[in-house]
Amino acid sequence: MYRSFLSWRWMRTRKTNIIGVVGIAVGVGALIMILSIMTGFLEQSKKTLRGGLSDLSVEPLFLPLEGGELPPLDPRPVLEVVRADPRVEAACAQLVWYGIIGQGGGDAAISALRMSDATGSQSLSGVKLVGIDLADEYATTALRADLERAPRSGATRVVDPERPFAPPPGHEPVGRPLASVVVGEQLARAWNLRRGDVIEVVTGVPDAQDGDFQVQNRRFVVAGTFRSGENEMDLDRIYMERSELVDFLGSGRLYSQVLVKTRDYEQQGRALQSDLSARLSELGILRGLDAGEVRTWEDHRRSLLAAIKNERVLMGIMLSLVVLVAAFTIFAILSMMVTEKRRDIGILTALGATSGGVSQLFLLVAFWDALLGALFGAVLGVLGAIYIDAIEQWLSRVFGVQIFDRGVYIFDHIPSVVNPSWVALIVLGAFLCTLLFALVPAVRAGRLHPLDALRHE
Amino acid sequence: MADQSAYKAQPLLSARGVTRRFKVGDRVVEVLHGVDLELFDGELVALMGSSGAGKSTLIQVLGLLDAPDEGEVRYGSVSAWKEPPSERARLRNRAVGFVFQFFHLIPELDAVENVLLPAMIGSDPDLVERRKELRERARAMLVQFGLGDRLDHRPAQLSGGEKQRVAIARALLLDPKLVIADEPTGNLDSTTGAKVLDLLLEEQKKRSLTLLLVTHDERVAARCSRVVRMKDGHVVDPRG
């Protein structure tokens, strides 16, 4: 009984213990705060990184199978298999190819001038030509929302998102009517493209018969723009009907990938990935599980996601050192206290305390330190993580410097996600770590000879 | 005090052949050379001897704070140094009370708490049951010792005489049969010392305690029933 009583009294009356409590609180608080913010960054980045990627994509390599045959060029067998799975909500086929654009029509002269500018970034643009089936695409991807998103600085959207590839009003072709395309907003801005403008797309396609590279070019009319919010996509993407792109390329390829939207990606995505891969391989469309032809969106962004996760783990390890330092502080404080309290240890022994009792007494002092420190730290860390934005703004105001430059990131606040099980783990870890460190001086206290303590004043 | 019949009864405390050596550098110094001593119920014994005679070492061995190299210390029929440490701790807690020259109060505890300390340390179940009663008792003792308005004072706020009264109350709280007092007035001025000594001797008489009193003062020794003199690690005359 004297152990808890006296340890608590010592805890309260001795100021060095406050240093220990504060040390642990700061360590625990910082660890919780940083990990919460890193988790917030990770989740925000995940959203941002994902951009326009669909849950899963099926991209056959189109290499000869075992029998020497090529897999079917038509997407329908793949779509059939994919759509038959109850976990799939929608799927669409896309044909993707690359090209270069220049401005056609009356502006060709300007294009020519621009092309002579060797250093100019706008002289030519490499573009990604994406052929889509409109209804499937709308059901599977966010294209419809991208088409309806409010335009920035004078970009023009399509007239009717239901029929984005309808000829733009006022388009009066001289000869054959041109097919309509929808271009990314940034691409449109770079080329100063407005609705109804004509662009020339040049591309090269290997010939199916002799393998020679055939250069193709065709003019298209811009029906409008879209904005996905993902820089890369808005800068180089041109949408058109898949049949139009098939016709333009003339290579026999009807699709390059099938995009899949799942009902519950978090729960079923991985299982669906391997199931689809297995089934399509059986049918002779894919080459097998290890070929990586069926990929989740996370597979596409694996290295970036892994980098953020790595950072978080590293940060956690680094900050655990802070907790370790705090625990070491307790070790130091307690060692000091044992030396300082030699006389009292002697008194307690003379009055009937056992050496185990004395050890427990000092261990309890560390226990209070750890308990209070970890609890204060947890409160501090959780509150800090929740109100980090307000704290940052206040600090920025007070010191007149911008601490978090929102321009650097895509998000306009400091994200943080408090994970309760982590908080519990950190608190428990700091607590046990401290007690472990305290064990050494506590045992030493119990082993002190009472006489050494009592004999000398 | 103790008449002839008491000497024949079993002694409360007996030491036989107690030898204690210390290592000083690479030399071994023998401080006690086989000391024999018996203390009987209700005896008031003065332990005298010049400094370095081994008084302190002897009472530390008797008080179970320091193990003898040879010999034994019996509390009644129990050979204390052969018992396990927990049992020795219990004996220190219940069978003997200490009064030190330098008071040895815990600075963070107030007067009542210091007196209560043995009750808090003891693990005997009766102490837990009697907690309330013992707290009352501690207060009553301090009031009786003239510290009624000092109950919640910390040692730093008490004078030397007051501290020693608190220490005496602490030694007596659990009614031990034996109290060992190591120069209890040695650190007090003579007037205060005399008052504290009066208090101690009064309590000894009232409770018929066995009191082993280490002192340098012949006048104090004269008030005791027996005087044990030590010289160079020997008890000169164990019978007084």
# chains A, B, ... in the order shown; residues from 1 in each chain; ligands from 1
>>> interface_residues(of="chain B", to="chain A", cutoff="10 Å", atoms="only C-alpha atoms", output="PDB file with N, CA, C and O atoms, in the first residue's frame")
ATOM      1  N   SER B  56      27.243   0.953  16.825  1.00  0.00           N
ATOM      2  CA  SER B  56      26.329   1.100  15.684  1.00  0.00           C
ATOM      3  C   SER B  56      26.197  -0.212  14.927  1.00  0.00           C
ATOM      4  O   SER B  56      25.094  -0.650  14.598  1.00  0.00           O
ATOM      5  N   THR B  57      27.356  -0.858  14.674  1.00  0.00           N
ATOM      6  CA  THR B  57      27.316  -2.121  13.949  1.00  0.00           C
ATOM      7  C   THR B  57      26.494  -3.146  14.715  1.00  0.00           C
ATOM      8  O   THR B  57      25.681  -3.867  14.130  1.00  0.00           O
ATOM      9  N   GLN B  60      22.814  -2.495  14.418  1.00  0.00           N
ATOM     10  CA  GLN B  60      22.328  -2.786  13.064  1.00  0.00           C
ATOM     11  C   GLN B  60      22.145  -4.274  12.851  1.00  0.00           C
ATOM     12  O   GLN B  60      21.220  -4.714  12.177  1.00  0.00           O
ATOM     13  N   GLY B  63      19.134  -5.111  14.923  1.00  0.00           N
ATOM     14  CA  GLY B  63      17.929  -4.565  14.295  1.00  0.00           C
ATOM     15  C   GLY B  63      17.643  -5.168  12.936  1.00  0.00           C
ATOM     16  O   GLY B  63      16.759  -4.704  12.223  1.00  0.00           O
ATOM     17  N   LEU B  64      18.422  -6.185  12.550  1.00  0.00           N
ATOM     18  CA  LEU B  64      18.204  -6.951  11.316  1.00  0.00           C
ATOM     19  C   LEU B  64      18.441  -6.120  10.059  1.00  0.00           C
ATOM     20  O   LEU B  64      17.836  -6.346   9.024  1.00  0.00           O
ATOM     21  N   LEU B  65      19.301  -5.113  10.162  1.00  0.00           N
ATOM     22  CA  LEU B  65      19.631  -4.317   8.985  1.00  0.00           C
ATOM     23  C   LEU B  65      20.937  -4.773   8.363  1.00  0.00           C
ATOM     24  O   LEU B  65      21.223  -4.486   7.215  1.00  0.00           O
ATOM     25  N   ASP B  66      21.762  -5.477   9.147  1.00  0.00           N
ATOM     26  CA  ASP B  66      23.077  -5.866   8.659  1.00  0.00           C
ATOM     27  C   ASP B  66      23.362  -7.287   9.128  1.00  0.00           C
ATOM     28  O   ASP B  66      23.196  -7.599  10.310  1.00  0.00           O
ATOM     29  N   PRO B  85      14.339 -13.443   3.836  1.00  0.00           N
ATOM     30  CA  PRO B  85      14.314 -11.974   3.917  1.00  0.00           C
ATOM     31  C   PRO B  85      12.918 -11.411   4.206  1.00  0.00           C
ATOM     32  O   PRO B  85      12.795 -10.407   4.920  1.00  0.00           O
ATOM     33  N   SER B  86      11.885 -12.045   3.663  1.00  0.00           N
ATOM     34  CA  SER B  86      10.542 -11.497   3.875  1.00  0.00           C
ATOM     35  C   SER B  86      10.158 -11.597   5.354  1.00  0.00           C
ATOM     36  O   SER B  86       9.520 -10.697   5.904  1.00  0.00           O
ATOM     37  N   GLU B  87      10.566 -12.694   5.987  1.00  0.00           N
ATOM     38  CA  GLU B  87      10.243 -12.862   7.405  1.00  0.00           C
ATOM     39  C   GLU B  87      11.026 -11.852   8.245  1.00  0.00           C
ATOM     40  O   GLU B  87      10.524 -11.305   9.225  1.00  0.00           O
ATOM     41  N   ARG B  88      12.285 -11.587   7.843  1.00  0.00           N
ATOM     42  CA  ARG B  88      13.088 -10.581   8.548  1.00  0.00           C
ATOM     43  C   ARG B  88      12.455  -9.206   8.400  1.00  0.00           C
ATOM     44  O   ARG B  88      12.438  -8.410   9.327  1.00  0.00           O
ATOM     45  N   ALA B  89      11.924  -8.944   7.186  1.00  0.00           N
ATOM     46  CA  ALA B  89      11.262  -7.667   6.973  1.00  0.00           C
ATOM     47  C   ALA B  89      10.057  -7.553   7.902  1.00  0.00           C
ATOM     48  O   ALA B  89       9.781  -6.490   8.460  1.00  0.00           O
ATOM     49  N   ARG B  90       9.369  -8.673   8.085  1.00  0.00           N
ATOM     50  CA  ARG B  90       8.201  -8.655   8.963  1.00  0.00           C
ATOM     51  C   ARG B  90       8.606  -8.391  10.410  1.00  0.00           C
ATOM     52  O   ARG B  90       7.949  -7.656  11.137  1.00  0.00           O
ATOM     53  N   LEU B  91       9.735  -8.982  10.818  1.00  0.00           N
ATOM     54  CA  LEU B  91      10.223  -8.744  12.181  1.00  0.00           C
ATOM     55  C   LEU B  91      10.597  -7.275  12.368  1.00  0.00           C
ATOM     56  O   LEU B  91      10.301  -6.676  13.397  1.00  0.00           O
ATOM     57  N   ARG B  92      11.266  -6.704  11.380  1.00  0.00           N
ATOM     58  CA  ARG B  92      11.618  -5.280  11.478  1.00  0.00           C
ATOM     59  C   ARG B  92      10.367  -4.426  11.590  1.00  0.00           C
ATOM     60  O   ARG B  92      10.336  -3.407  12.270  1.00  0.00           O
ATOM     61  N   ASN B  93       9.337  -4.892  10.883  1.00  0.00           N
ATOM     62  CA  ASN B  93       8.103  -4.128  10.863  1.00  0.00           C
ATOM     63  C   ASN B  93       7.341  -4.231  12.183  1.00  0.00           C
ATOM     64  O   ASN B  93       6.824  -3.234  12.686  1.00  0.00           O
ATOM     65  N   ARG B  94       7.288  -5.446  12.766  1.00  0.00           N
ATOM     66  CA  ARG B  94       6.403  -5.659  13.915  1.00  0.00           C
ATOM     67  C   ARG B  94       7.133  -5.804  15.243  1.00  0.00           C
ATOM     68  O   ARG B  94       6.615  -5.413  16.279  1.00  0.00           O
ATOM     69  N   ALA B  95       8.354  -6.391  15.231  1.00  0.00           N
ATOM     70  CA  ALA B  95       8.974  -6.766  16.500  1.00  0.00           C
ATOM     71  C   ALA B  95       9.895  -5.687  17.054  1.00  0.00           C
ATOM     72  O   ALA B  95      10.198  -5.684  18.237  1.00  0.00           O
ATOM     73  N   VAL B  96      10.346  -4.782  16.205  1.00  0.00           N
ATOM     74  CA  VAL B  96      11.317  -3.800  16.676  1.00  0.00           C
ATOM     75  C   VAL B  96      10.994  -2.425  16.108  1.00  0.00           C
ATOM     76  O   VAL B  96      10.521  -2.304  14.977  1.00  0.00           O
ATOM     77  N   GLY B  97      11.209  -1.409  16.950  1.00  0.00           N
ATOM     78  CA  GLY B  97      11.042  -0.042  16.476  1.00  0.00           C
ATOM     79  C   GLY B  97      12.366   0.673  16.522  1.00  0.00           C
ATOM     80  O   GLY B  97      13.188   0.418  17.405  1.00  0.00           O
ATOM     81  N   PHE B  98      12.615   1.544  15.548  1.00  0.00           N
ATOM     82  CA  PHE B  98      13.889   2.268  15.508  1.00  0.00           C
ATOM     83  C   PHE B  98      13.687   3.750  15.792  1.00  0.00           C
ATOM     84  O   PHE B  98      12.734   4.359  15.292  1.00  0.00           O
ATOM     85  N   PHE B 100      16.293   6.960  15.283  1.00  0.00           N
ATOM     86  CA  PHE B 100      17.641   7.259  14.797  1.00  0.00           C
ATOM     87  C   PHE B 100      18.111   8.616  15.291  1.00  0.00           C
ATOM     88  O   PHE B 100      17.317   9.495  15.609  1.00  0.00           O
ATOM     89  N   GLN B 101      19.418   8.769  15.298  1.00  0.00           N
ATOM     90  CA  GLN B 101      19.987  10.049  15.697  1.00  0.00           C
ATOM     91  C   GLN B 101      19.514  11.174  14.771  1.00  0.00           C
ATOM     92  O   GLN B 101      19.230  12.275  15.204  1.00  0.00           O
ATOM     93  N   PHE B 102      19.452  10.856  13.478  1.00  0.00           N
ATOM     94  CA  PHE B 102      19.090  11.908  12.511  1.00  0.00           C
ATOM     95  C   PHE B 102      17.625  11.811  12.095  1.00  0.00           C
ATOM     96  O   PHE B 102      17.269  12.120  10.962  1.00  0.00           O
ATOM     97  N   PHE B 103      16.784  11.340  12.974  1.00  0.00           N
ATOM     98  CA  PHE B 103      15.317  11.302  12.827  1.00  0.00           C
ATOM     99  C   PHE B 103      14.849  10.402  11.688  1.00  0.00           C
ATOM    100  O   PHE B 103      13.976   9.579  11.862  1.00  0.00           O
ATOM    101  N   HIS B 104      15.433  10.628  10.498  1.00  0.00           N
ATOM    102  CA  HIS B 104      15.081   9.797   9.347  1.00  0.00           C
ATOM    103  C   HIS B 104      13.587   9.744   9.083  1.00  0.00           C
ATOM    104  O   HIS B 104      12.975   8.678   9.047  1.00  0.00           O
ATOM    105  N   LEU B 105      13.015  10.910   8.867  1.00  0.00           N
ATOM    106  CA  LEU B 105      11.627  10.965   8.414  1.00  0.00           C
ATOM    107  C   LEU B 105      11.636  11.106   6.889  1.00  0.00           C
ATOM    108  O   LEU B 105      12.607  11.568   6.306  1.00  0.00           O
ATOM    109  N   ILE B 106      10.542  10.704   6.276  1.00  0.00           N
ATOM    110  CA  ILE B 106      10.439  10.862   4.816  1.00  0.00           C
ATOM    111  C   ILE B 106       9.975  12.289   4.535  1.00  0.00           C
ATOM    112  O   ILE B 106       8.903  12.703   4.984  1.00  0.00           O
ATOM    113  N   PRO B 107      10.793  13.062   3.798  1.00  0.00           N
ATOM    114  CA  PRO B 107      10.508  14.502   3.676  1.00  0.00           C
ATOM    115  C   PRO B 107       9.201  14.834   2.960  1.00  0.00           C
ATOM    116  O   PRO B 107       8.643  15.897   3.191  1.00  0.00           O
ATOM    117  N   GLU B 108       8.733  13.918   2.104  1.00  0.00           N
ATOM    118  CA  GLU B 108       7.519  14.246   1.340  1.00  0.00           C
ATOM    119  C   GLU B 108       6.241  13.922   2.099  1.00  0.00           C
ATOM    120  O   GLU B 108       5.153  14.201   1.598  1.00  0.00           O
ATOM    121  N   LEU B 109       6.366  13.312   3.279  1.00  0.00           N
ATOM    122  CA  LEU B 109       5.161  12.927   4.023  1.00  0.00           C
ATOM    123  C   LEU B 109       4.989  13.845   5.224  1.00  0.00           C
ATOM    124  O   LEU B 109       5.967  14.301   5.816  1.00  0.00           O
ATOM    125  N   GLU B 113       1.472  10.974   8.397  1.00  0.00           N
ATOM    126  CA  GLU B 113       1.838   9.954   7.406  1.00  0.00           C
ATOM    127  C   GLU B 113       3.156   9.276   7.769  1.00  0.00           C
ATOM    128  O   GLU B 113       3.313   8.063   7.581  1.00  0.00           O
ATOM    129  N   LEU B 116       2.481   6.800  10.370  1.00  0.00           N
ATOM    130  CA  LEU B 116       1.712   5.675   9.843  1.00  0.00           C
ATOM    131  C   LEU B 116       2.532   4.740   8.954  1.00  0.00           C
ATOM    132  O   LEU B 116       2.077   3.650   8.618  1.00  0.00           O
ATOM    133  N   LEU B 117       3.707   5.188   8.568  1.00  0.00           N
ATOM    134  CA  LEU B 117       4.484   4.450   7.580  1.00  0.00           C
ATOM    135  C   LEU B 117       4.639   2.956   7.902  1.00  0.00           C
ATOM    136  O   LEU B 117       4.431   2.115   7.028  1.00  0.00           O
ATOM    137  N   PRO B 118       4.988   2.576   9.156  1.00  0.00           N
ATOM    138  CA  PRO B 118       5.118   1.134   9.427  1.00  0.00           C
ATOM    139  C   PRO B 118       3.817   0.385   9.154  1.00  0.00           C
ATOM    140  O   PRO B 118       3.849  -0.752   8.663  1.00  0.00           O
ATOM    141  N   ALA B 119       2.679   1.014   9.454  1.00  0.00           N
ATOM    142  CA  ALA B 119       1.394   0.359   9.209  1.00  0.00           C
ATOM    143  C   ALA B 119       1.154   0.197   7.715  1.00  0.00           C
ATOM    144  O   ALA B 119       0.556  -0.787   7.270  1.00  0.00           O
ATOM    145  N   MET B 120       1.637   1.168   6.941  1.00  0.00           N
ATOM    146  CA  MET B 120       1.443   1.082   5.494  1.00  0.00           C
ATOM    147  C   MET B 120       2.379   0.047   4.877  1.00  0.00           C
ATOM    148  O   MET B 120       2.040  -0.629   3.913  1.00  0.00           O
ATOM    149  N   ILE B 121       3.586  -0.047   5.442  1.00  0.00           N
ATOM    150  CA  ILE B 121       4.569  -0.977   4.882  1.00  0.00           C
ATOM    151  C   ILE B 121       4.220  -2.418   5.215  1.00  0.00           C
ATOM    152  O   ILE B 121       4.349  -3.312   4.386  1.00  0.00           O
ATOM    153  N   GLY B 122       3.744  -2.642   6.444  1.00  0.00           N
ATOM    154  CA  GLY B 122       3.467  -4.004   6.890  1.00  0.00           C
ATOM    155  C   GLY B 122       2.439  -4.683   6.009  1.00  0.00           C
ATOM    156  O   GLY B 122       1.501  -4.051   5.530  1.00  0.00           O
ATOM    157  N   SER B 123       2.655  -5.979   5.786  1.00  0.00           N
ATOM    158  CA  SER B 123       1.731  -6.691   4.903  1.00  0.00           C
ATOM    159  C   SER B 123       0.805  -7.617   5.693  1.00  0.00           C
ATOM    160  O   SER B 123       0.022  -8.348   5.112  1.00  0.00           O
ATOM    161  N   VAL B 128      -4.171  -4.147   7.671  1.00  0.00           N
ATOM    162  CA  VAL B 128      -5.124  -3.632   6.691  1.00  0.00           C
ATOM    163  C   VAL B 128      -6.471  -3.405   7.357  1.00  0.00           C
ATOM    164  O   VAL B 128      -7.124  -2.377   7.161  1.00  0.00           O
ATOM    165  N   ARG B 170       6.461   7.021  15.512  1.00  0.00           N
ATOM    166  CA  ARG B 170       6.533   6.040  14.426  1.00  0.00           C
ATOM    167  C   ARG B 170       7.048   4.701  14.949  1.00  0.00           C
ATOM    168  O   ARG B 170       6.524   3.639  14.615  1.00  0.00           O
ATOM    169  N   ALA B 171       8.085   4.770  15.812  1.00  0.00           N
ATOM    170  CA  ALA B 171       8.672   3.533  16.335  1.00  0.00           C
ATOM    171  C   ALA B 171       7.669   2.783  17.205  1.00  0.00           C
ATOM    172  O   ALA B 171       7.707   1.556  17.290  1.00  0.00           O
TER     173      ALA B 171
END
>>> select_by_dssp(residues="stretch 111-227 of chain B", states="helix (DSSP H, G or I)", output="PyMOL selection string")
chain B and resi 111-121+125-129+131-144+148-150+155-157+160-172+190-207+218-222
>>> residues_around(residues="stretch 435-439 of chain A", least_positions_apart="2", cutoff="7 Å", atoms="only C-alpha atoms", output="PyMOL selection string")
chain A and resi 327-328+330-331+334+363+366-367+431-433+441-443
>>> residues_around(residues="A:Val81", least_positions_apart="5", cutoff="9 Å", atoms="only C-alpha atoms", output="list in words")
Arg76, Leu276, Arg279 and Leu280 of chain A
>>> residues_around(residues="stretch 134-146 of chain A", least_positions_apart="5", cutoff="6 Å", atoms="only C-alpha atoms", output="MDAnalysis selection string")
chainID A and resid 90:92 226:228 261
>>> residues_around(residues="B:Cys224", least_positions_apart="5", cutoff="8 Å", atoms="only C-alpha atoms", output="PyMOL selection string")
chain B and resi 44-46
>>> write_last_selection(atoms="all heavy atoms", output="PDB file, in the first residue's frame")
ATOM      1  N   LEU B  44      15.436  -1.660  30.430  1.00  0.00           N
ATOM      2  CA  LEU B  44      15.933  -0.408  29.861  1.00  0.00           C
ATOM      3  C   LEU B  44      17.460  -0.476  29.905  1.00  0.00           C
ATOM      4  O   LEU B  44      18.057  -0.388  30.969  1.00  0.00           O
ATOM      5  CB  LEU B  44      15.415   0.778  30.688  1.00  0.00           C
ATOM      6  CG  LEU B  44      15.962   2.163  30.400  1.00  0.00           C
ATOM      7  CD1 LEU B  44      15.880   2.506  28.920  1.00  0.00           C
ATOM      8  CD2 LEU B  44      15.206   3.201  31.219  1.00  0.00           C
ATOM      9  N   VAL B  45      18.054  -0.696  28.754  1.00  0.00           N
ATOM     10  CA  VAL B  45      19.483  -0.962  28.710  1.00  0.00           C
ATOM     11  C   VAL B  45      20.211   0.163  27.988  1.00  0.00           C
ATOM     12  O   VAL B  45      19.815   0.540  26.880  1.00  0.00           O
ATOM     13  CB  VAL B  45      19.769  -2.296  27.991  1.00  0.00           C
ATOM     14  CG1 VAL B  45      21.264  -2.586  27.941  1.00  0.00           C
ATOM     15  CG2 VAL B  45      19.016  -3.433  28.661  1.00  0.00           C
ATOM     16  N   ALA B  46      21.242   0.690  28.591  1.00  0.00           N
ATOM     17  CA  ALA B  46      22.090   1.676  27.928  1.00  0.00           C
ATOM     18  C   ALA B  46      23.259   0.955  27.289  1.00  0.00           C
ATOM     19  O   ALA B  46      23.859   0.076  27.903  1.00  0.00           O
ATOM     20  CB  ALA B  46      22.592   2.707  28.931  1.00  0.00           C
TER      21      ALA B  46
END
>>> closest_residue(among="B:Met230, B:Val29, B:Val35, B:Val99", to="B:Pro184", atoms="only C-alpha atoms")
B:Val99
>>> atom_distance(atom1="atom CA of A:Leu283", atom2="atom CA of A:Glu89")
21.7 Å
>>> select_by_dssp(residues="stretch 63-212 of chain B", states="strand (DSSP E)", output="list in words")
Glu70, Gly71, Glu72, Val73, Arg74, Tyr75, Val78, Ser79, Val96, Gly97, Phe98, Val99, Leu178, Val179, Ile180, Ala181, Asp182, Thr210, Leu211 and Leu212 of chain B
>>> write_last_selection(atoms="N, CA, C and O atoms", output="mmCIF file, in the first residue's frame")
data_model
loop_
_atom_site.group_PDB
_atom_site.id
_atom_site.type_symbol
_atom_site.label_atom_id
_atom_site.label_comp_id
_atom_site.auth_asym_id
_atom_site.auth_seq_id
_atom_site.Cartn_x
_atom_site.Cartn_y
_atom_site.Cartn_z
ATOM 1 N N GLU B 70 29.331 -14.113 11.554
ATOM 2 C CA GLU B 70 29.168 -15.311 12.373
ATOM 3 C C GLU B 70 28.227 -14.983 13.510
ATOM 4 O O GLU B 70 28.005 -13.819 13.826
ATOM 5 N N GLY B 71 27.713 -16.050 14.148
ATOM 6 C CA GLY B 71 26.852 -15.857 15.303
ATOM 7 C C GLY B 71 25.408 -15.744 14.905
ATOM 8 O O GLY B 71 25.063 -15.775 13.722
ATOM 9 N N GLU B 72 24.532 -15.653 15.938
ATOM 10 C CA GLU B 72 23.114 -15.588 15.607
ATOM 11 C C GLU B 72 22.390 -14.570 16.469
ATOM 12 O O GLU B 72 22.853 -14.194 17.550
ATOM 13 N N VAL B 73 21.260 -14.099 15.944
ATOM 14 C CA VAL B 73 20.408 -13.162 16.664
ATOM 15 C C VAL B 73 19.043 -13.803 16.773
ATOM 16 O O VAL B 73 18.448 -14.187 15.770
ATOM 17 N N ARG B 74 18.589 -13.982 18.034
ATOM 18 C CA ARG B 74 17.287 -14.628 18.228
ATOM 19 C C ARG B 74 16.259 -13.630 18.718
ATOM 20 O O ARG B 74 16.503 -12.876 19.654
ATOM 21 N N TYR B 75 15.137 -13.628 18.031
ATOM 22 C CA TYR B 75 13.973 -12.899 18.534
ATOM 23 C C TYR B 75 13.061 -13.946 19.143
ATOM 24 O O TYR B 75 12.439 -14.716 18.437
ATOM 25 N N VAL B 78 13.126 -17.410 17.552
ATOM 26 C CA VAL B 78 13.395 -17.362 16.112
ATOM 27 C C VAL B 78 14.808 -16.859 15.846
ATOM 28 O O VAL B 78 15.182 -15.776 16.302
ATOM 29 N N SER B 79 15.593 -17.652 15.118
ATOM 30 C CA SER B 79 16.931 -17.199 14.735
ATOM 31 C C SER B 79 16.794 -16.349 13.478
ATOM 32 O O SER B 79 16.681 -16.867 12.361
ATOM 33 N N VAL B 96 10.346 -4.782 16.205
ATOM 34 C CA VAL B 96 11.317 -3.800 16.676
ATOM 35 C C VAL B 96 10.994 -2.425 16.108
ATOM 36 O O VAL B 96 10.521 -2.304 14.977
ATOM 37 N N GLY B 97 11.209 -1.409 16.950
ATOM 38 C CA GLY B 97 11.042 -0.042 16.476
ATOM 39 C C GLY B 97 12.366 0.673 16.522
ATOM 40 O O GLY B 97 13.188 0.418 17.405
ATOM 41 N N PHE B 98 12.615 1.544 15.548
ATOM 42 C CA PHE B 98 13.889 2.268 15.508
ATOM 43 C C PHE B 98 13.687 3.750 15.792
ATOM 44 O O PHE B 98 12.734 4.359 15.292
ATOM 45 N N VAL B 99 14.607 4.308 16.577
ATOM 46 C CA VAL B 99 14.683 5.775 16.673
ATOM 47 C C VAL B 99 16.115 6.132 16.319
ATOM 48 O O VAL B 99 17.060 5.638 16.936
ATOM 49 N N LEU B 178 10.353 -4.300 21.421
ATOM 50 C CA LEU B 178 11.719 -3.785 21.518
ATOM 51 C C LEU B 178 11.838 -2.493 20.724
ATOM 52 O O LEU B 178 11.328 -2.400 19.603
ATOM 53 N N VAL B 179 12.479 -1.493 21.352
ATOM 54 C CA VAL B 179 12.804 -0.280 20.607
ATOM 55 C C VAL B 179 14.307 -0.071 20.692
ATOM 56 O O VAL B 179 14.891 -0.175 21.766
ATOM 57 N N ILE B 180 14.922 0.157 19.530
ATOM 58 C CA ILE B 180 16.349 0.451 19.515
ATOM 59 C C ILE B 180 16.505 1.930 19.190
ATOM 60 O O ILE B 180 16.015 2.394 18.153
ATOM 61 N N ALA B 181 17.133 2.663 20.111
ATOM 62 C CA ALA B 181 17.304 4.101 19.901
ATOM 63 C C ALA B 181 18.799 4.397 19.812
ATOM 64 O O ALA B 181 19.547 4.128 20.736
ATOM 65 N N ASP B 182 19.216 4.930 18.640
ATOM 66 C CA ASP B 182 20.633 5.182 18.394
ATOM 67 C C ASP B 182 20.923 6.660 18.639
ATOM 68 O O ASP B 182 20.693 7.487 17.779
ATOM 69 N N THR B 210 11.094 -3.009 26.055
ATOM 70 C CA THR B 210 12.527 -3.214 26.154
ATOM 71 C C THR B 210 13.169 -2.132 25.300
ATOM 72 O O THR B 210 12.878 -2.034 24.108
ATOM 73 N N LEU B 211 13.987 -1.319 25.933
ATOM 74 C CA LEU B 211 14.590 -0.201 25.199
ATOM 75 C C LEU B 211 16.107 -0.331 25.236
ATOM 76 O O LEU B 211 16.697 -0.388 26.309
ATOM 77 N N LEU B 212 16.692 -0.429 24.066
ATOM 78 C CA LEU B 212 18.153 -0.437 23.980
ATOM 79 C C LEU B 212 18.573 0.946 23.526
ATOM 80 O O LEU B 212 18.261 1.373 22.413
#
>>> atom_distance(atom1="atom CA of A:Leu364", atom2="atom CA of A:Val325")
19.6 Å
>>> closest_residue(among="A:Ser320, A:Thr339, A:Gln44, A:Ser416", to="A:Gly27", atoms="only C-alpha atoms")
A:Ser320
>>> residues_around(residues="stretch 143-151 of chain B", least_positions_apart="4", cutoff="8 Å", atoms="only C-alpha atoms", output="ChimeraX atom specification")
/B:110-112,139,158,162,165,199
